[in-house]
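One file, run.cif, is given below (mmCIF, C-alpha atoms).
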```
data_model
loop_
_atom_site.label_atom_id
_atom_site.label_comp_id
_atom_site.auth_asym_id
_atom_site.auth_seq_id
_atom_site.Cartn_x
_atom_site.Cartn_y
_atom_site.Cartn_z
CA MET A 19 -20.64 -24.51 23.27
CA THR A 20 -21.06 -21.26 25.21
CA ALA A 21 -22.19 -18.32 23.11
CA VAL A 22 -19.56 -15.72 22.28
CA ARG A 23 -20.06 -12.40 23.99
CA THR A 24 -19.82 -9.51 21.53
CA ARG A 25 -17.44 -6.72 22.55
CA SER A 26 -17.02 -4.73 19.39
CA ARG A 27 -19.65 -2.02 18.97
CA SER A 28 -19.20 -2.21 15.23
CA ARG A 29 -20.81 -5.04 13.30
CA LEU A 30 -17.91 -4.87 10.85
CA LEU A 31 -15.05 -7.09 12.01
CA ARG A 32 -11.72 -6.53 10.27
CA ASP A 33 -9.82 -9.27 8.47
CA THR A 34 -6.18 -9.08 9.57
CA ALA A 35 -5.08 -10.27 6.11
CA SER A 36 -7.06 -7.64 4.22
CA SER A 37 -4.53 -4.81 4.55
CA ALA A 38 -1.89 -6.76 2.63
CA GLN A 39 -4.53 -7.82 0.09
CA VAL A 40 -5.57 -4.21 -0.58
CA GLU A 41 -1.93 -3.22 -1.02
CA ALA A 42 -1.40 -6.11 -3.44
CA LEU A 43 -4.53 -5.12 -5.40
CA LEU A 44 -3.21 -1.57 -5.83
CA ILE A 45 0.24 -2.80 -6.84
CA ILE A 46 -1.36 -5.02 -9.50
CA ALA A 47 -3.49 -2.06 -10.64
CA ILE A 48 -0.40 0.14 -11.08
CA ALA A 49 1.42 -2.62 -12.97
CA THR A 50 -1.65 -3.04 -15.21
CA ILE A 51 -1.65 0.68 -16.05
CA LEU A 52 2.03 0.59 -16.99
CA VAL A 53 1.68 -2.57 -19.10
CA THR A 54 -1.43 -1.19 -20.83
CA ARG A 55 0.22 2.12 -21.69
CA LEU A 56 3.33 0.32 -22.98
CA TYR A 57 1.26 -2.09 -25.10
CA LEU A 58 -0.83 0.71 -26.60
CA HIS A 59 2.28 2.74 -27.37
CA LEU A 60 3.99 -0.18 -29.10
CA THR A 61 0.89 -1.14 -31.13
CA GLY A 62 -0.07 2.37 -32.19
CA TYR A 63 -3.18 2.65 -29.98
CA PRO A 64 -5.50 0.23 -31.83
CA GLN A 65 -9.28 0.48 -31.42
CA VAL A 66 -11.39 -2.61 -30.78
CA GLY A 67 -14.83 -2.51 -32.39
CA GLY A 68 -14.28 -1.43 -35.98
CA SER A 69 -15.11 1.90 -37.61
CA VAL A 70 -18.41 2.46 -35.78
CA LEU A 71 -17.94 1.07 -32.29
CA HIS A 72 -15.08 1.55 -29.86
CA ILE A 73 -14.87 -0.96 -27.03
CA ALA A 74 -12.73 0.89 -24.48
CA HIS A 75 -10.66 -1.19 -22.10
CA VAL A 76 -12.48 0.43 -19.19
CA LEU A 77 -15.32 -2.00 -20.02
CA TRP A 78 -13.02 -4.98 -19.63
CA GLY A 79 -11.86 -3.48 -16.37
CA GLY A 80 -15.43 -3.25 -15.12
CA LEU A 81 -16.12 -6.86 -16.08
CA LEU A 82 -13.01 -8.06 -14.25
CA MET A 83 -13.96 -6.12 -11.12
CA VAL A 84 -17.45 -7.66 -11.20
CA ALA A 85 -15.90 -11.10 -11.67
CA ALA A 86 -13.67 -10.46 -8.64
CA LEU A 87 -16.69 -9.49 -6.54
CA MET A 88 -18.64 -12.58 -7.61
CA ILE A 89 -15.73 -14.88 -6.81
CA SER A 90 -15.20 -13.34 -3.36
CA MET A 91 -18.93 -13.56 -2.57
CA THR A 92 -19.45 -17.08 -3.97
CA PHE A 93 -16.48 -19.10 -2.72
CA ILE A 94 -15.02 -19.65 0.74
CA GLY A 95 -11.34 -19.54 1.61
CA ARG A 96 -8.13 -17.65 1.06
CA ALA A 97 -7.48 -19.06 -2.43
CA PRO A 98 -10.60 -17.41 -3.96
CA ASP A 99 -9.58 -14.18 -2.19
CA ARG A 100 -6.21 -14.28 -3.96
CA ILE A 101 -7.90 -14.81 -7.33
CA ALA A 102 -10.26 -11.91 -6.59
CA VAL A 103 -7.32 -9.68 -5.69
CA VAL A 104 -5.57 -10.42 -9.00
CA LEU A 105 -8.71 -9.98 -11.15
CA GLY A 106 -9.81 -6.91 -9.19
CA GLY A 107 -6.38 -5.34 -9.43
CA ILE A 108 -6.20 -5.82 -13.20
CA GLY A 109 -9.76 -4.55 -13.60
CA PHE A 110 -9.18 -1.49 -11.45
CA GLY A 111 -5.99 -0.73 -13.38
CA LEU A 112 -7.82 -0.87 -16.72
CA PHE A 113 -10.57 1.32 -15.30
CA LEU A 114 -8.23 3.91 -13.80
CA ASP A 115 -6.08 4.06 -16.95
CA GLU A 116 -8.89 5.83 -18.82
CA VAL A 117 -9.59 8.47 -16.19
CA GLY A 118 -8.59 11.18 -18.70
CA LYS A 119 -11.69 10.33 -20.76
CA PHE A 120 -13.94 10.71 -17.70
CA VAL A 121 -12.81 14.19 -16.63
CA THR A 122 -12.57 15.93 -20.03
CA LYS A 123 -15.33 16.98 -22.40
CA THR A 124 -13.26 15.79 -25.37
CA ASN A 125 -12.70 12.29 -23.91
CA ASP A 126 -8.95 12.97 -23.96
CA TYR A 127 -7.10 9.76 -23.08
CA PHE A 128 -3.79 11.69 -23.16
CA TYR A 129 -4.92 14.42 -20.75
CA ARG A 130 -1.64 15.19 -18.90
CA PRO A 131 -3.03 15.66 -15.36
CA SER A 132 -4.73 12.24 -15.58
CA VAL A 133 -1.55 10.52 -14.37
CA ALA A 134 -1.51 12.76 -11.30
CA ILE A 135 -5.18 11.89 -10.72
CA MET A 136 -4.36 8.17 -10.86
CA TYR A 137 -1.57 8.68 -8.34
CA VAL A 138 -3.77 10.65 -5.93
CA VAL A 139 -6.51 7.99 -6.10
CA VAL A 140 -4.05 5.19 -5.31
CA VAL A 141 -2.45 7.15 -2.46
CA LEU A 142 -5.84 7.99 -0.93
CA LEU A 143 -6.86 4.33 -1.06
CA LEU A 144 -3.62 3.36 0.67
CA VAL A 145 -4.20 5.98 3.35
CA VAL A 146 -7.76 4.77 3.96
CA ASN A 147 -6.54 1.17 4.10
CA ARG A 148 -3.88 2.03 6.67
CA ALA A 149 -6.29 4.19 8.69
CA VAL A 150 -8.82 1.36 8.95
CA HIS A 151 -6.22 -1.01 10.39
CA LEU A 152 -3.99 1.36 12.38
CA ARG A 153 -6.56 3.57 14.12
CA ARG A 154 -6.86 0.87 16.79
CA GLY A 155 -5.64 -2.66 17.35
CA PRO A 156 -7.86 -5.68 16.71
CA SER A 157 -10.57 -6.29 19.31
CA PRO A 158 -10.88 -9.66 21.11
CA ASP A 159 -13.82 -10.53 18.84
CA GLU A 160 -11.75 -9.72 15.75
CA TYR A 161 -8.90 -11.91 17.00
CA LEU A 162 -11.40 -14.72 17.61
CA ALA A 163 -13.09 -14.32 14.22
CA ASN A 164 -9.79 -14.33 12.30
CA ALA A 165 -8.57 -17.43 14.11
CA ALA A 166 -11.90 -19.13 13.34
CA LEU A 167 -11.58 -18.20 9.64
CA THR A 168 -8.07 -19.67 9.57
CA ALA A 169 -9.34 -22.89 11.16
CA THR A 170 -12.26 -23.12 8.71
CA ASP A 171 -9.97 -22.73 5.72
CA GLY A 172 -7.42 -25.12 7.21
CA LEU A 173 -9.92 -27.95 7.66
CA THR A 174 -10.25 -28.30 3.90
CA HIS A 175 -7.01 -26.87 2.50
CA GLY A 176 -4.55 -27.45 5.34
CA LEU A 177 -2.45 -24.92 7.23
CA THR A 178 1.15 -23.84 7.02
CA PRO A 179 3.06 -23.74 10.32
CA THR A 180 3.08 -19.93 10.12
CA ASP A 181 -0.69 -19.74 9.66
CA ARG A 182 -1.29 -22.12 12.57
CA ASP A 183 1.06 -20.21 14.89
CA GLN A 184 -0.50 -16.89 13.94
CA ALA A 185 -4.01 -18.22 14.60
CA ARG A 186 -2.98 -19.50 18.02
CA VAL A 187 -1.48 -16.13 18.90
CA GLN A 188 -4.80 -14.54 17.92
CA LEU A 189 -6.65 -17.03 20.12
CA GLU A 190 -4.41 -16.22 23.07
CA ARG A 191 -5.06 -12.50 22.63
CA ALA A 192 -8.78 -13.17 22.37
CA ARG A 193 -8.60 -15.15 25.62
CA GLU A 194 -6.71 -12.28 27.30
CA GLY A 195 -9.40 -9.89 26.06
CA GLY A 196 -12.14 -11.79 27.88
CA VAL A 197 -13.50 -14.15 25.24
CA ASP A 198 -15.07 -17.35 26.62
CA PRO A 199 -12.14 -19.78 27.20
CA GLU A 200 -14.30 -22.72 26.08
CA VAL A 201 -14.83 -21.11 22.67
CA VAL A 202 -11.11 -20.45 22.35
CA GLU A 203 -10.36 -24.07 23.26
CA GLN A 204 -12.80 -25.42 20.67
CA ILE A 205 -11.23 -23.35 17.87
CA ASP A 206 -7.77 -24.44 19.03
CA LEU A 207 -8.89 -28.07 18.70
CA LEU A 208 -10.00 -27.35 15.13
CA LEU A 209 -6.59 -25.86 14.38
CA ALA A 210 -4.96 -29.01 15.73
CA ARG A 211 -7.03 -31.16 13.35
CA CYS A 212 -5.87 -29.22 10.26
CA ARG A 213 -3.24 -31.06 8.28
CA GLU A 214 0.08 -29.31 7.76
CA VAL A 215 0.97 -28.09 4.25
CA PRO A 216 4.17 -26.46 2.91
CA SER A 217 4.49 -22.71 3.04
CA ARG A 218 2.81 -21.00 0.14
CA PHE A 219 2.61 -17.57 -1.40
CA SER A 220 1.32 -14.82 0.85
CA TRP A 221 0.67 -11.15 0.14
CA VAL A 222 2.56 -10.40 3.34
CA SER A 223 5.71 -11.62 1.58
CA LEU A 224 5.52 -8.47 -0.55
CA ARG A 225 6.44 -6.39 2.47
CA LEU A 226 9.92 -5.26 3.47
CA PRO A 227 12.23 -8.20 4.40
CA GLU A 228 13.44 -8.34 7.99
CA ARG A 229 17.11 -7.91 7.00
CA LEU A 230 16.24 -4.53 5.46
CA ARG A 231 14.50 -3.20 8.55
CA GLY A 232 17.47 -2.28 10.78
CA GLU A 233 19.13 1.07 11.48
CA ARG A 234 21.39 0.58 8.47
CA SER A 235 18.35 0.54 6.18
CA VAL A 236 17.20 3.83 7.74
CA ARG A 237 20.51 5.45 6.84
CA VAL A 238 20.42 4.09 3.29
CA ALA A 239 16.81 5.28 2.86
CA ALA A 240 17.74 8.71 4.25
CA ALA A 241 20.65 9.01 1.81
CA LEU A 242 18.54 7.99 -1.20
CA LEU A 243 15.67 10.30 -0.24
CA THR A 244 18.11 13.19 0.22
CA VAL A 245 19.77 12.63 -3.16
CA PHE A 246 16.45 12.36 -5.02
CA SER A 247 15.02 15.39 -3.19
CA ILE A 248 18.06 17.47 -4.15
CA GLY A 249 17.61 16.31 -7.75
CA ILE A 250 13.97 17.42 -7.76
CA LEU A 251 14.96 20.76 -6.19
CA ILE A 252 17.66 21.42 -8.80
CA ASN A 253 15.31 20.46 -11.64
CA ALA A 254 12.54 22.73 -10.29
CA ALA A 255 15.02 25.61 -9.87
CA ALA A 256 16.29 25.18 -13.45
CA THR A 257 12.74 25.04 -14.80
CA LEU A 258 11.79 28.17 -12.86
CA GLU A 259 14.85 29.98 -14.19
CA GLU A 260 13.84 29.08 -17.75
CA ASP A 261 10.31 30.32 -17.09
CA LEU A 262 11.60 33.62 -15.73
CA ALA A 263 13.93 34.04 -18.71
CA ALA A 264 10.98 33.47 -21.03
CA ARG A 265 8.88 35.84 -18.90
CA THR A 266 6.35 33.16 -18.16
CA SER A 267 5.16 31.95 -14.78
CA ASN A 268 4.38 28.40 -13.73
CA VAL A 269 2.66 28.08 -10.38
CA LEU A 270 3.24 24.32 -10.25
CA THR A 271 7.00 24.80 -10.62
CA MET A 272 7.06 27.39 -7.83
CA ILE A 273 5.08 25.13 -5.49
CA GLN A 274 7.29 22.19 -6.40
CA LEU A 275 10.39 24.26 -5.65
CA ILE A 276 9.08 25.19 -2.21
CA GLY A 277 7.96 21.63 -1.40
CA SER A 278 11.23 20.03 -2.50
CA GLY A 279 13.19 22.70 -0.62
CA VAL A 280 11.38 21.83 2.62
CA THR A 281 11.99 18.14 1.94
CA VAL A 282 15.73 18.66 1.38
CA LEU A 283 16.00 20.69 4.59
CA LEU A 284 14.24 17.98 6.61
CA CYS A 285 16.38 15.26 5.00
CA VAL A 286 19.65 17.05 5.81
CA VAL A 287 18.62 17.88 9.38
CA GLY A 288 17.25 14.35 9.91
CA SER A 289 20.37 12.69 8.47
CA VAL A 290 22.65 14.73 10.74
CA GLY A 291 20.47 13.88 13.73
CA LEU A 292 20.48 10.22 12.75
CA TRP A 293 24.27 10.02 12.80
CA ARG A 294 24.20 11.68 16.23
CA ARG A 295 21.59 9.11 17.30
CA GLN A 296 18.93 11.70 18.10
CA ARG A 297 15.46 10.26 18.69
CA TRP A 298 13.72 12.98 16.68
CA ALA A 299 15.82 12.31 13.54
CA VAL A 300 13.68 9.47 12.15
CA ARG A 301 10.53 11.53 12.71
CA ALA A 302 12.03 14.38 10.67
CA LEU A 303 12.96 11.94 7.90
CA ARG A 304 9.49 10.40 7.96
CA THR A 305 7.97 13.88 7.63
CA ALA A 306 10.20 14.48 4.60
CA ALA A 307 9.05 11.20 3.07
CA LEU A 308 5.41 12.09 3.72
CA ILE A 309 5.83 15.47 2.00
CA THR A 310 7.54 13.71 -0.90
CA VAL A 311 4.85 11.05 -1.38
CA PHE A 312 1.74 13.15 -0.74
CA PHE A 313 2.80 16.51 -2.16
CA VAL A 314 5.99 16.71 -4.23
CA ASP A 315 5.35 13.50 -6.19
CA VAL A 316 1.82 14.63 -7.07
CA LEU A 317 3.33 17.68 -8.76
CA GLU A 318 5.99 15.47 -10.35
CA PHE A 319 3.28 13.35 -11.96
CA ALA A 320 1.47 16.46 -13.16
CA VAL A 321 4.65 17.69 -14.89
CA GLN A 322 6.54 14.54 -15.90
CA GLU A 323 3.71 11.97 -15.95
CA PHE A 324 5.17 8.44 -15.74
CA GLY A 325 8.69 9.86 -15.59
CA ALA A 326 8.07 10.42 -11.88
CA LEU A 327 7.71 6.71 -11.07
CA LEU A 328 11.29 6.33 -9.84
CA ASN A 329 10.91 9.24 -7.43
CA VAL A 330 7.67 7.71 -6.14
CA ALA A 331 9.33 4.35 -5.60
CA VAL A 332 12.14 5.94 -3.58
CA GLY A 333 9.74 8.06 -1.52
CA ALA A 334 7.37 5.17 -0.80
CA ALA A 335 10.21 2.80 0.13
CA ALA A 336 11.77 5.42 2.43
CA LEU A 337 8.41 6.07 4.08
CA SER A 338 7.95 2.34 4.72
CA VAL A 339 11.42 2.05 6.29
CA PHE A 340 11.02 5.13 8.50
CA SER A 341 7.50 4.15 9.63
CA HIS A 342 8.63 0.65 10.60
CA HIS A 343 11.63 2.02 12.48
CA LEU A 344 9.43 4.42 14.43
CA ARG A 345 7.17 1.55 15.45
CA GLN A 346 10.22 -0.36 16.65
CA MET A 347 11.38 2.70 18.60
CA SER A 348 8.02 3.00 20.31
CA ARG A 349 8.21 -0.67 21.33
CA HIS A 350 11.75 -0.66 22.65
CA GLU A 351 11.97 3.03 23.67
CA ALA A 352 15.38 3.30 22.06
CA LEU A 353 17.05 3.09 18.68
CA PRO A 354 17.93 -0.50 17.72
CA ASP A 355 21.57 -1.48 17.56
CA THR A 356 23.21 -1.26 14.14
CA ALA A 357 22.87 -4.55 12.26
#
```

Here is a file; write its structure as structure tokens.
Amino acid sequence: MTAVRTRSRSRLLRDTASSAQVEALLIIAIATILVTRLYLHLTGYPQVGGSVLHIAHVLWGGLLMVAALMISMTFIGRAPDRIAVVLGGIGFGLFLDEVGKFVTKTNDYFYRPSVAIMYVVVVLLLVVNRAVHLRRGPSPDEYLANAALTATDGLTHGLTPTDRDQARVQLERAREGGVDPEVVEQIDLLLARCREVPSRFSWVSLRLPERLRGERSVRVAAALLTVFSIGILINAAATLEEDLAARTSNVLTMIQLIGSGVTVLLCVVGSVGLWRRQRWAVRALRTAALITVFFVDVLEFAVQEFGALLNVAVGAAALSVFSHHLRQMSRHEALPDTA
């Protein structure tokens, strides 16, 4: 077999499945935080360890993260990766839940800004994850390596039709990128030898369904984001009025008022432009969603703690819809027809 010529200057080749796995890990971590806080609230915050020792759940989180690392480094295949994602997500959630103890001298688990810190950490990790995969498309070597990984896993565990088709698309792109055709052919033969298995769970299935990705979904997302942004604006204005009446000042409320005001303005302008089928409308709405997720919601968590989760869900869902629609626009150079 002819040796593969290396084209990527980096020795780190990206796994095309890793972006969805990182997102799943963070979703599991968030769910773990919510379940942990609910359990502790219902049980009266019990302490494990007796009157002398206190075994904080951050220790269990660390053990689970180590277990996830050992599994991913010891075993080959996608199945161990899924187990590592679940264990790592639970462990990271238990670790992050006690951030209030790490940033205060009094080890205050109930430190109010800790929820905002958790949110910022998760958002930054999501941004880094997206930046790693979106800064440039996969190189020919990365396409080849991912197809080879799929074939390796398929020889022992079998392949679903979707996995096989995706691997062959990657091989074709590797061939177009200048990879040795003989190497591509050999990996394709391995794919052909893999037995077919029924479709199974995939982290990609957690993403937005196709039927929710049309222009109609953009309008629904714009309406929801506008309504929630107006709600945040009204609440911030009422809070500021109470502060002024009590002759107290709250900088966070003032900043939140300004941020939500800008978001409402962009939502209204973008929604009007969307109905007039203006190309810039979705970009304005996406900017409003970005301000909501990365700025307004941070302040919401600092003030309302977990009460801000619904606003975050709306902002994140709207951002996903607008971002996907913009990618579709760039591909087709026009707004898609209404579904």

Distance query 12 Å from (1.8, -28.9, 6.0) using all atoms listed in the file, result as an NGL selection string: :A and (172-173 or 175-182 or 210-218)

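Note on the selection: in this file the PyMOL selection byres ((chain A and resi 95-101) around 9) comes out as Gln39, Ala86, Ile89, Ser90, Thr92, Phe93, Ile94, Ala102, Val103, Val104, Leu105, Gly106, Leu167, Thr168, Thr170, Asp171, Gly172, His175, Ser220 and Trp221 of chain A.
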
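With distances restricted to all atoms listed in the file, A:Val138 is the closest residue to Phe313 in chain A from A:Val138, A:Leu82, A:Val282, A:Ala299.
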
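Among the candidates A:Ser132, A:Gln204, A:Thr54, A:Thr34, the one nearest to Leu152 in chain A when counting all atoms listed in the file is A:Thr34.
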
Selection dump of the PyMOL selection byres ((chain A and resi 285) around 8), as a PyMOL selection string: chain A and resi 240+243-244+281-284+286-289+302-303+306

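When CA of Met136 in chain A is paired with CA of His59 in chain A, their separation reads 18.6 Å.
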
Between CA of Gly79 in chain A and CA of Leu112 in chain A - distance in Å to one decimal: 4.8 Å

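Between Met83 in chain A and the candidates A:Leu251, A:Leu308, A:Ala185, A:Leu43, the tightest atom-to-atom separation, counting all atoms listed in the file, involves A:Leu43.
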
Reference answer for the PyMOL selection byres ((chain A and resi 188-192) around 9), as a VMD selection string: chain A and resid 157 to 162 164 to 166 183 to 187 193 to 199 202 to 203 205 to 206

Residues as selected, C-alpha atoms, written as an mmCIF file, keeping the file's coordinate frame, can you do that?
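Contents of result-v3.cif, as written:
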```
data_model
loop_
_atom_site.group_PDB
_atom_site.id
_atom_site.type_symbol
_atom_site.label_atom_id
_atom_site.label_comp_id
_atom_site.auth_asym_id
_atom_site.auth_seq_id
_atom_site.Cartn_x
_atom_site.Cartn_y
_atom_site.Cartn_z
ATOM 1 C CA SER A 157 -10.570 -6.290 19.310
ATOM 2 C CA PRO A 158 -10.880 -9.660 21.110
ATOM 3 C CA ASP A 159 -13.820 -10.530 18.840
ATOM 4 C CA GLU A 160 -11.750 -9.720 15.750
ATOM 5 C CA TYR A 161 -8.900 -11.910 17.000
ATOM 6 C CA LEU A 162 -11.400 -14.720 17.610
ATOM 7 C CA ASN A 164 -9.790 -14.330 12.300
ATOM 8 C CA ALA A 165 -8.570 -17.430 14.110
ATOM 9 C CA ALA A 166 -11.900 -19.130 13.340
ATOM 10 C CA ASP A 183 1.060 -20.210 14.890
ATOM 11 C CA GLN A 184 -0.500 -16.890 13.940
ATOM 12 C CA ALA A 185 -4.010 -18.220 14.600
ATOM 13 C CA ARG A 186 -2.980 -19.500 18.020
ATOM 14 C CA VAL A 187 -1.480 -16.130 18.900
ATOM 15 C CA ARG A 193 -8.600 -15.150 25.620
ATOM 16 C CA GLU A 194 -6.710 -12.280 27.300
ATOM 17 C CA GLY A 195 -9.400 -9.890 26.060
ATOM 18 C CA GLY A 196 -12.140 -11.790 27.880
ATOM 19 C CA VAL A 197 -13.500 -14.150 25.240
ATOM 20 C CA ASP A 198 -15.070 -17.350 26.620
ATOM 21 C CA PRO A 199 -12.140 -19.780 27.200
ATOM 22 C CA VAL A 202 -11.110 -20.450 22.350
ATOM 23 C CA GLU A 203 -10.360 -24.070 23.260
ATOM 24 C CA ILE A 205 -11.230 -23.350 17.870
ATOM 25 C CA ASP A 206 -7.770 -24.440 19.030
#
```

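Reported to one decimal place, the separation of CA of Val236 in chain A from CA of Val339 in chain A is 6.2 Å.
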
Selection: 12 Å around Ala331 in chain A, only C-alpha atoms, excl. self and same-chain fewer than 4 positions, as a compact mmCIF listing (two decimals) with C-alpha atoms, in the coordinates of the input:
```txt
# COMPACT_ATOMS: atom_id res chain seq x y z
CA ILE A 45 0.24 -2.80 -6.84
CA ILE A 48 -0.40 0.14 -11.08
CA ALA A 239 16.81 5.28 2.86
CA LEU A 242 18.54 7.99 -1.20
CA LEU A 243 15.67 10.30 -0.24
CA PHE A 246 16.45 12.36 -5.02
CA ALA A 307 9.05 11.20 3.07
CA THR A 310 7.54 13.71 -0.90
CA VAL A 311 4.85 11.05 -1.38
CA ASP A 315 5.35 13.50 -6.19
CA PHE A 324 5.17 8.44 -15.74
CA GLY A 325 8.69 9.86 -15.59
CA ALA A 326 8.07 10.42 -11.88
CA LEU A 327 7.71 6.71 -11.07
CA ALA A 335 10.21 2.80 0.13
CA ALA A 336 11.77 5.42 2.43
CA LEU A 337 8.41 6.07 4.08
CA SER A 338 7.95 2.34 4.72
```

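Protein, DNA and RNA residues at most 8 Å from (10.5, 19.7, -2.1), with all atoms listed in the file, are these: Ser247, Ile250, Leu251, Gln274, Leu275, Ile276, Gly277, Ser278, Gly279, Val280, Thr281, Val282, Ile309, Thr310 and Val314 of chain A.
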
Give me a file of those residues, with C-alpha atoms, as a CSV table (one decimal), keeping the file's coordinate frame.
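Final output, saved to again-v7.csv:
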```csv
chain,number,residue,atom,x,y,z
A,247,SER,CA,15.0,15.4,-3.2
A,250,ILE,CA,14.0,17.4,-7.8
A,251,LEU,CA,15.0,20.8,-6.2
A,274,GLN,CA,7.3,22.2,-6.4
A,275,LEU,CA,10.4,24.3,-5.6
A,276,ILE,CA,9.1,25.2,-2.2
A,277,GLY,CA,8.0,21.6,-1.4
A,278,SER,CA,11.2,20.0,-2.5
A,279,GLY,CA,13.2,22.7,-0.6
A,280,VAL,CA,11.4,21.8,2.6
A,281,THR,CA,12.0,18.1,1.9
A,282,VAL,CA,15.7,18.7,1.4
A,309,ILE,CA,5.8,15.5,2.0
A,310,THR,CA,7.5,13.7,-0.9
A,314,VAL,CA,6.0,16.7,-4.2
```

For Leu317 in chain A, the nearest of the candidates A:Leu87, A:Ile135, A:Asp115, A:Ala74, counting all atoms listed in the file: A:Ile135

Let me know the centre plus edge lengths, in Å and rounded to one decimal, of a box with edges along x, y and z that contains all listed atoms of range 152-164 of chain A and is padded by 8 Å on every side, as AutoDock Vina command-line options.
```
--center_x -8.9 --center_y -5.6 --center_z 16.7 --size_x 25.8 --size_y 34.3 --size_z 24.8
```
